[in-house]
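Here the structure comes first, spelled out in structure tokens, and everything after it is commentary.
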Amino acid sequence: MATDFPGVGQAELQARGAEWTAREIAQQPSVWPQVEQLVAGQRAQLDIFLQPLLARSDLRIVLSGAGTSSFIGDCLLPALSARLQRRVESIATTELVSGPHLRFQSDVPTLLVSFARSGNSPESIAAVEFAERALADVHHLIVTCNVDGELAKRARNLGSAHTIVLPEVTHDRGFAMTSSFTSMLLTAALAFGAVRPEAISALATSVSTVLQRAWPVVQRFVAREFQRVVYLGSNELRGLASEAALKLLELTDGRVVALADSTLGFRHGPKTIINDRTLVVVMLSNDSYTRAYDLELLAELRRDARAGAILALSGSHAGLPEGDNVIYDGLRDASDLELALAHIAVGQTYALLQSLALGLTPDRPNAAGVVNRVVQGVNIHPWSGQRDVSRR
């Protein structure tokens, strides 16, 4: 499978400060089979760790990370809740750390699943430390891309933990998380049985084709210089919409306003953002029931004719009206968690091409250094482990 970014030569990418971001988007289909093999190789150890925990009906599973890593949990939550029939929550480390007394329940057995590209963000480390302090019965599944990160190192001293360190190639060197996001999402989905291992090869082949076919469509929208972009999706794809919007904000240095919402929620006020300088991207579900709502909104948006453009991303032709559509080969029967990997590849491509069109350097789009690849400026304040204020 190709690892070159389509449509833009390597020399140009290097000259324009986009080499790493482009490479890391393009490499994803070739990385995912490696991830599947990695999880398969740890399957016996994972089962020894996870099965006794998942057998407990009172187990609370908390999916956590910061920024893009937090959206991994948002994407996983619906599928894991349905599959495991356990209490599953997605809570960003930024929320766990700012209000640990509100988030941790000391007498509830908890599996904290931590996602971290570098494992060096202060909140990632503090969330694990606070959980150890606050919870009487706590276990950790850590998914990270950096074997030398502080989180991976500290995990070795935890009482009950399993750490999955992804291949070094997933430790993105570009500012924005791309292959690290999809690889950590896929790792956890495989670990919990929410994605079929046998689906990975076909999924990788399909997304490799998507990257080749979608970029001319995406480039056409980039040329129209939209000022606002809205990403819409349902259930697992709602979390993915947030990640797609963040990717565009990051790589355009905030010059393009990006919004994310659910398909049904968009009508409840956020729809007012639409004008003729707005691109709306609807990421359709493969679930027939959910898809009916997605298709209704898509038809409504095209009928309203208020948006500058409306792009539909879909795993099949079923019920899809005429218009600007990107349809993926071989993903008609994919789960929405699997479909998410194709949808985000299109979103990442749009963000990169838009960044280049604005004259930015995608590997480091914020030249002022206000935001950084690993967050800076965070002080973790001492926490006593007790509530400081009564909340009524």
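Every chain in the structure tokens has a letter given in the order shown (A, B, ...), and although residue numbers restart at 1 in each chain, ligands are simply numbered from 1 in the order shown.
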
Would you mind listing, for every residue of stretch 262-332 of chain A within 12 Å of stretch 346-350 of chain A, the two atoms forming the shortest contact and the distance between them in Å to one decimal, using only C-alpha atoms, sorted by chain and ascending residue number, as CSV?
residue,atom,partner,partner_atom,distance
A:Leu279,CA,A:Tyr350,CA,11.4
A:Val280,CA,A:Gly347,CA,11.8
A:Val281,CA,A:Gly347,CA,9.0
A:Val282,CA,A:Gly347,CA,11.0
A:Met283,CA,A:Gly347,CA,9.9
A:Leu311,CA,A:Val346,CA,10.9
A:Ala312,CA,A:Val346,CA,10.9
A:Leu313,CA,A:Val346,CA,8.5
A:Ser314,CA,A:Val346,CA,11.1
A:Asn325,CA,A:Val346,CA,11.8
A:Val326,CA,A:Val346,CA,9.1
A:Ile327,CA,A:Val346,CA,11.1
A:Tyr328,CA,A:Val346,CA,10.7

* Asked: Could you pull the residues within 10 Å of stretch 202-211 of chain A, counting only C-alpha atoms, minus those fewer than 2 positions along the same chain, as a ChimeraX atom specification?
  -> /A:1-3,5-7,25-33,198-200,213-216,326-331,334,338-339,341-346,348-349

Write the selection just made, keeping C-alpha atoms, as a PDB file, in the first residue's frame?
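Now in out27.pdb:
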ATOM      1  CA  MET A   1       0.000   0.000   0.000  1.00  0.00           C
ATOM      2  CA  ALA A   2       1.194   3.499  -0.839  1.00  0.00           C
ATOM      3  CA  THR A   3       2.417   5.749   1.954  1.00  0.00           C
ATOM      4  CA  PHE A   5       0.199  11.537   0.165  1.00  0.00           C
ATOM      5  CA  PRO A   6      -1.867  11.744  -3.051  1.00  0.00           C
ATOM      6  CA  GLY A   7      -1.857  14.798  -5.259  1.00  0.00           C
ATOM      7  CA  ILE A  25      -2.106  10.512   7.143  1.00  0.00           C
ATOM      8  CA  ALA A  26      -1.047   8.411   4.164  1.00  0.00           C
ATOM      9  CA  GLN A  27       0.584   5.643   6.201  1.00  0.00           C
ATOM     10  CA  GLN A  28      -2.531   4.725   8.166  1.00  0.00           C
ATOM     11  CA  PRO A  29      -3.787   1.839   5.997  1.00  0.00           C
ATOM     12  CA  SER A  30      -0.341   0.223   6.181  1.00  0.00           C
ATOM     13  CA  VAL A  31      -0.117   0.714   9.963  1.00  0.00           C
ATOM     14  CA  TRP A  32      -3.497  -0.791  10.921  1.00  0.00           C
ATOM     15  CA  PRO A  33      -2.535  -4.404  10.059  1.00  0.00           C
ATOM     16  CA  GLU A 198     -10.538 -10.200  10.084  1.00  0.00           C
ATOM     17  CA  ALA A 199     -11.997  -6.857   8.929  1.00  0.00           C
ATOM     18  CA  ILE A 200      -8.717  -4.951   9.187  1.00  0.00           C
ATOM     19  CA  ARG A 213     -10.006   9.012  -4.800  1.00  0.00           C
ATOM     20  CA  ALA A 214     -11.152  11.603  -2.281  1.00  0.00           C
ATOM     21  CA  TRP A 215      -8.383  14.152  -2.572  1.00  0.00           C
ATOM     22  CA  PRO A 216      -9.565  15.686  -5.910  1.00  0.00           C
ATOM     23  CA  VAL A 326     -17.807  10.213  -1.448  1.00  0.00           C
ATOM     24  CA  ILE A 327     -18.709   6.519  -1.298  1.00  0.00           C
ATOM     25  CA  TYR A 328     -16.221   3.931  -0.038  1.00  0.00           C
ATOM     26  CA  ASP A 329     -15.651   0.633  -1.803  1.00  0.00           C
ATOM     27  CA  GLY A 330     -16.035  -2.503   0.281  1.00  0.00           C
ATOM     28  CA  LEU A 331     -17.411  -0.885   3.440  1.00  0.00           C
ATOM     29  CA  ALA A 334     -18.675  -2.229   8.051  1.00  0.00           C
ATOM     30  CA  GLU A 338     -14.799   0.596  11.347  1.00  0.00           C
ATOM     31  CA  LEU A 339     -16.397   3.190   9.065  1.00  0.00           C
ATOM     32  CA  LEU A 341     -11.495   5.181  10.047  1.00  0.00           C
ATOM     33  CA  ALA A 342     -12.541   6.007   6.480  1.00  0.00           C
ATOM     34  CA  HIS A 343     -14.488   9.119   7.462  1.00  0.00           C
ATOM     35  CA  ILE A 344     -11.586  10.607   9.432  1.00  0.00           C
ATOM     36  CA  ALA A 345      -9.133   9.946   6.600  1.00  0.00           C
ATOM     37  CA  VAL A 346     -11.213  12.303   4.448  1.00  0.00           C
ATOM     38  CA  GLN A 348      -7.622  14.736   7.795  1.00  0.00           C
ATOM     39  CA  THR A 349      -7.022  15.175   4.064  1.00  0.00           C
TER      40      THR A 349
END

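Counting only C-alpha atoms and comparing A:Thr361, A:Asn235, A:Ser118, A:Ser64, the residue that lies closest to A:Leu141 is A:Ser64.
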
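Of note, atom CA of A:Phe115 and atom CA of A:Thr93 are spaced 9.5 Å apart.
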
* **Residue with smallest distance to A:Leu50 - pool A:Leu112, A:Val169, A:Leu295, A:Leu264, counting only C-alpha atoms** =>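 Among the listed residues, the smallest separation from A:Leu50 belongs to A:Leu112.
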
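Residue nearest A:Val138, chosen from A:Thr182, A:Ser288, A:Ser160, A:Thr68 and counting only C-alpha atoms: A:Ser160.
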
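The list of residues with at least one atom within 10 Å of A:Ser98, based on only C-alpha atoms and without residues fewer than 2 positions apart in the same chain, reads A:Thr93, A:Thr94, A:Glu95, A:Leu96, A:Pro100, A:His101, A:Leu102, A:Arg103, A:Glu123, A:Ala127, A:Ile380, A:His381, A:Trp383.
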
* To do: Write down as number ranges by chain the residues belonging to stretch 174-242 of chain A that are assigned alpha helix (DSSP H) by DSSP computed on the backbone.
  => A: 179-191, 200-222, 236-242

Those selected residues, please, written with N, CA and C atoms and delivered as a compact mmCIF listing (two decimals), in the first residue's frame.
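After the write, again.txt holds the following:
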# COMPACT_ATOMS: atom_id res chain seq x y z
N SER A 179 -2.30 9.48 12.52
CA SER A 179 -2.19 8.02 12.62
C SER A 179 -2.20 7.55 14.07
N SER A 180 -1.77 8.39 14.99
CA SER A 180 -1.84 8.01 16.41
C SER A 180 -3.30 7.88 16.85
N PHE A 181 -4.15 8.78 16.38
CA PHE A 181 -5.57 8.73 16.73
C PHE A 181 -6.21 7.43 16.24
N THR A 182 -6.09 7.15 14.95
CA THR A 182 -6.76 5.98 14.41
C THR A 182 -6.16 4.69 14.95
N SER A 183 -4.85 4.68 15.20
CA SER A 183 -4.20 3.47 15.69
C SER A 183 -4.59 3.17 17.13
N MET A 184 -4.68 4.18 17.97
CA MET A 184 -5.11 3.95 19.36
C MET A 184 -6.59 3.56 19.41
N LEU A 185 -7.40 4.19 18.57
CA LEU A 185 -8.82 3.83 18.49
C LEU A 185 -8.97 2.37 18.09
N LEU A 186 -8.25 1.97 17.07
CA LEU A 186 -8.33 0.60 16.59
C LEU A 186 -7.80 -0.38 17.63
N THR A 187 -6.74 -0.01 18.33
CA THR A 187 -6.16 -0.88 19.35
C THR A 187 -7.18 -1.21 20.43
N ALA A 188 -7.83 -0.19 20.96
CA ALA A 188 -8.82 -0.41 22.02
C ALA A 188 -10.03 -1.18 21.50
N ALA A 189 -10.45 -0.86 20.28
CA ALA A 189 -11.60 -1.56 19.70
C ALA A 189 -11.30 -3.05 19.55
N LEU A 190 -10.09 -3.38 19.15
CA LEU A 190 -9.69 -4.78 19.03
C LEU A 190 -9.55 -5.43 20.40
N ALA A 191 -8.98 -4.70 21.35
CA ALA A 191 -8.76 -5.25 22.69
C ALA A 191 -10.08 -5.67 23.33
N ILE A 200 -9.75 -5.98 9.28
CA ILE A 200 -8.72 -4.95 9.19
C ILE A 200 -8.09 -4.89 7.79
N SER A 201 -7.80 -6.03 7.20
CA SER A 201 -7.16 -6.03 5.89
C SER A 201 -8.03 -5.35 4.84
N ALA A 202 -9.32 -5.71 4.80
CA ALA A 202 -10.23 -5.10 3.83
C ALA A 202 -10.42 -3.62 4.12
N LEU A 203 -10.47 -3.27 5.40
CA LEU A 203 -10.61 -1.87 5.78
C LEU A 203 -9.40 -1.06 5.33
N ALA A 204 -8.22 -1.59 5.53
CA ALA A 204 -7.00 -0.89 5.12
C ALA A 204 -6.97 -0.70 3.60
N THR A 205 -7.35 -1.72 2.87
CA THR A 205 -7.37 -1.62 1.40
C THR A 205 -8.36 -0.56 0.95
N SER A 206 -9.54 -0.55 1.56
CA SER A 206 -10.57 0.41 1.18
C SER A 206 -10.13 1.84 1.47
N VAL A 207 -9.55 2.07 2.65
CA VAL A 207 -9.16 3.44 3.01
C VAL A 207 -7.97 3.90 2.17
N SER A 208 -7.10 2.99 1.79
CA SER A 208 -6.02 3.35 0.88
C SER A 208 -6.59 3.88 -0.44
N THR A 209 -7.65 3.24 -0.91
CA THR A 209 -8.33 3.70 -2.12
C THR A 209 -9.04 5.03 -1.87
N VAL A 210 -9.65 5.17 -0.69
CA VAL A 210 -10.34 6.41 -0.34
C VAL A 210 -9.39 7.60 -0.43
N LEU A 211 -8.20 7.44 0.12
CA LEU A 211 -7.23 8.54 0.11
C LEU A 211 -6.87 8.96 -1.31
N GLN A 212 -6.80 8.00 -2.21
CA GLN A 212 -6.47 8.31 -3.60
C GLN A 212 -7.63 8.99 -4.32
N ARG A 213 -8.85 8.51 -4.05
CA ARG A 213 -10.01 9.01 -4.80
C ARG A 213 -10.59 10.30 -4.23
N ALA A 214 -10.46 10.48 -2.92
CA ALA A 214 -11.15 11.60 -2.28
C ALA A 214 -10.43 12.93 -2.44
N TRP A 215 -9.10 12.88 -2.62
CA TRP A 215 -8.38 14.15 -2.57
C TRP A 215 -8.78 15.12 -3.69
N PRO A 216 -9.11 14.69 -4.93
CA PRO A 216 -9.56 15.69 -5.91
C PRO A 216 -10.87 16.35 -5.50
N VAL A 217 -11.78 15.58 -4.88
CA VAL A 217 -13.04 16.14 -4.40
C VAL A 217 -12.76 17.14 -3.29
N VAL A 218 -11.91 16.74 -2.38
CA VAL A 218 -11.56 17.61 -1.25
C VAL A 218 -10.87 18.88 -1.75
N GLN A 219 -9.97 18.73 -2.69
CA GLN A 219 -9.25 19.89 -3.21
C GLN A 219 -10.21 20.89 -3.87
N ARG A 220 -11.25 20.37 -4.49
CA ARG A 220 -12.24 21.26 -5.10
C ARG A 220 -12.95 22.11 -4.05
N PHE A 221 -13.23 21.51 -2.89
CA PHE A 221 -13.86 22.28 -1.82
C PHE A 221 -12.87 23.25 -1.19
N VAL A 222 -11.62 22.84 -1.06
CA VAL A 222 -10.59 23.74 -0.52
C VAL A 222 -10.48 24.99 -1.37
N GLU A 236 -21.21 6.68 17.42
CA GLU A 236 -19.74 6.64 17.33
C GLU A 236 -19.21 7.77 16.46
N LEU A 237 -19.97 8.15 15.45
CA LEU A 237 -19.52 9.18 14.51
C LEU A 237 -19.72 10.59 15.04
N ARG A 238 -20.45 10.74 16.15
CA ARG A 238 -20.53 12.06 16.80
C ARG A 238 -19.17 12.43 17.40
N GLY A 239 -18.55 11.48 18.07
CA GLY A 239 -17.21 11.74 18.60
C GLY A 239 -16.22 11.99 17.48
N LEU A 240 -16.39 11.27 16.37
CA LEU A 240 -15.50 11.46 15.23
C LEU A 240 -15.67 12.84 14.62
N ALA A 241 -16.89 13.36 14.61
CA ALA A 241 -17.12 14.71 14.10
C ALA A 241 -16.32 15.73 14.90
N SER A 242 -16.25 15.54 16.21
CA SER A 242 -15.46 16.44 17.05
C SER A 242 -13.99 16.37 16.69
